[in-house]
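Chemist: There's a structure below that I have some questions on.
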Amino acid sequence: MRMTMDQDRRRRDIARIHILAKTLGLSDDERRDVMFVIARARSCADLDFTGLARVRAHFEQRARDLGKLAPHRPGRPRRMHDADRGPMLRKVEALLLDADRPWNYAHAMAKRMFHVERIEFCTPYQLHGLIGALMQDQKRRASRAAESR
C-alpha cells in the first residue's frame with residue numbers, strides 16, 4: 001500500500017519533532033509538556049497538520065537559539081546575539097511607559113504575534129518586530145492626539 005503525500009509529510013514532521021526534541025535534550029515527558037502548551041495535545045498522533053507545524057517550528061526555533069541547528073537560512077536575516085536583547089527590552093519598556101501600558105500588554109502582543117508565552121522567550125528578531133509594532137502604536141496615538149486638538 002502506497003502512502004499518500006499527506007501521510008508521508010505527517011510521518012516526516014513527527015520524526016523531525018522527535019529528532020529535534022532529542023537534540024534539545026528533552027525527555028519524553030518534557031517534550032509532551034511543551035507540545036501540550038503549544039498545541040494542546042500530549043502526543044504527536046493527536047495533532048493535526050497545523051499543530052504539527054507549530055510544534056516543529058517551536059522546536060526548530062529553540063534549537064537555532066541554542067546553536068544546535070544552523071542559525072541562518074537563505075533569504076532570512078542573520079541571527080542576532082543574545083547581548084542585543086538587553087537594549088531591546090529597555091526599548092520595549094520605554095514604549096510601554098510612553099503608552100501607559102503594563103508589561104502584560106507586551107506579553108499578549110508576543111503571544112499573538114509569535115505564539116510565545118512571554119516576552120522573555122522572544123528571540124532578538126522577534127523583539128525587533130515587537131518594537132516595530134509598539135512604535136506604530138505610538139505613531140497612531142500621536143496622530144490621534146494631534147487630530148483632537
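By order of appearance in the C-alpha cells: chains A, B, ..., then residues from 1 within every chain, and ligands from 1 in the order shown.
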Could you pull the residues within 9 Å of Arg40 (chain A), counting only C-alpha atoms, minus those fewer than 5 positions along the same chain, as a list in words?
Modeler: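 Counting only the stated atoms, we get Met35, Leu47 and Gly51 of chain A.
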Chemist: Could you take the residues named above and write them with C-alpha atoms, as a JSON list (two decimals), in the first residue's frame?
Modeler:
[["chain", "number", "residue", "atom", "x", "y", "z"],
["A", 35, "MET", "CA", 3.61, 20.07, 22.97],
["A", 47, "LEU", "CA", -2.03, 16.63, 16.32],
["A", 51, "GLY", "CA", -0.42, 21.53, 15.32]]
Chemist: Which of these, A:Ala133, A:Leu89, A:Ala53, A:Ala110, has the shortest distance to Arg9 (chain A) once you count only C-alpha atoms?
Modeler: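 Of the candidates, the smallest distance to Arg9 (chain A) is held by A:Ala53.
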Chemist: Could you give me, as a list in words, the residues within 9 Å of region 13-15 of chain A, counting only C-alpha atoms and dropping anything in the same chain fewer than 4 positions from it?
Modeler: Asp8, Arg9, Ile19, Leu20, Cys44, Ala45, Phe49, Leu52, Ala53 and Arg56 of chain A
Chemist: Quick one: write out the picked residues with N, CA and C atoms as a short mmCIF file (atom, residue, chain, number, x, y, z; two decimals), in the first residue's frame?
Modeler:
data_model
loop_
_atom_site.label_atom_id
_atom_site.label_comp_id
_atom_site.auth_asym_id
_atom_site.auth_seq_id
_atom_site.Cartn_x
_atom_site.Cartn_y
_atom_site.Cartn_z
N ASP A 8 2.86 10.91 4.19
CA ASP A 8 4.32 10.92 4.21
C ASP A 8 4.84 12.19 4.89
N ARG A 9 4.23 13.30 4.57
CA ARG A 9 4.63 14.56 5.20
C ARG A 9 4.39 14.51 6.70
N ILE A 19 13.28 14.08 16.65
CA ILE A 19 14.73 14.31 16.50
C ILE A 19 15.11 15.64 17.14
N LEU A 20 14.32 16.68 16.90
CA LEU A 20 14.62 17.99 17.49
C LEU A 20 14.54 17.96 19.01
N CYS A 44 2.02 13.27 19.41
CA CYS A 44 2.07 13.71 18.01
C CYS A 44 0.92 13.10 17.22
N ALA A 45 0.48 11.92 17.59
CA ALA A 45 -0.61 11.26 16.88
C ALA A 45 -1.91 12.05 17.00
N PHE A 49 -2.26 18.78 11.04
CA PHE A 49 -1.11 19.33 10.34
C PHE A 49 -0.69 20.68 10.91
N LEU A 52 1.15 20.07 14.21
CA LEU A 52 2.48 19.53 13.94
C LEU A 52 3.42 20.64 13.46
N ALA A 53 2.92 21.51 12.60
CA ALA A 53 3.76 22.59 12.08
C ALA A 53 4.16 23.56 13.19
N ARG A 56 6.73 21.76 15.48
CA ARG A 56 8.01 21.63 14.76
C ARG A 56 8.71 22.98 14.67
#
Chemist: Near His18 (chain A), counting only C-alpha atoms, which residues have an atom at most 10 Å away, once you skip same-chain residues fewer than 5 positions from it, shown as number ranges by chain?
Modeler: A: 12-13, 23-24, 26, 28, 31, 44, 56, 59
Chemist: Please provide as number ranges by chain all residues within 12 Å of Met88 (chain A), with the sequence filter that same-chain residues fewer than 6 positions apart are discarded (counting only C-alpha atoms).
Modeler: A: 80-82, 94-95, 119-120, 122-132, 134
Chemist: Fewer than 6 positions away in the same chain doesn't count, so skip those; otherwise give me all residues within 12 Å of Leu97 (chain A), counting only C-alpha atoms, as a list of chain:residue names.
Modeler: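 After dropping sequence-adjacent residues, the list is A:Arg90, A:Lys91, A:Trp103, A:Tyr105, A:Ala106, A:Leu134, A:Gln138.
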Chemist: For Ile38 (chain A), which of A:Arg62, A:Arg141, A:Arg85, A:His115 is the closest residue, counting only C-alpha atoms?
Modeler: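 The closest residue to Ile38 (chain A) is A:His115.
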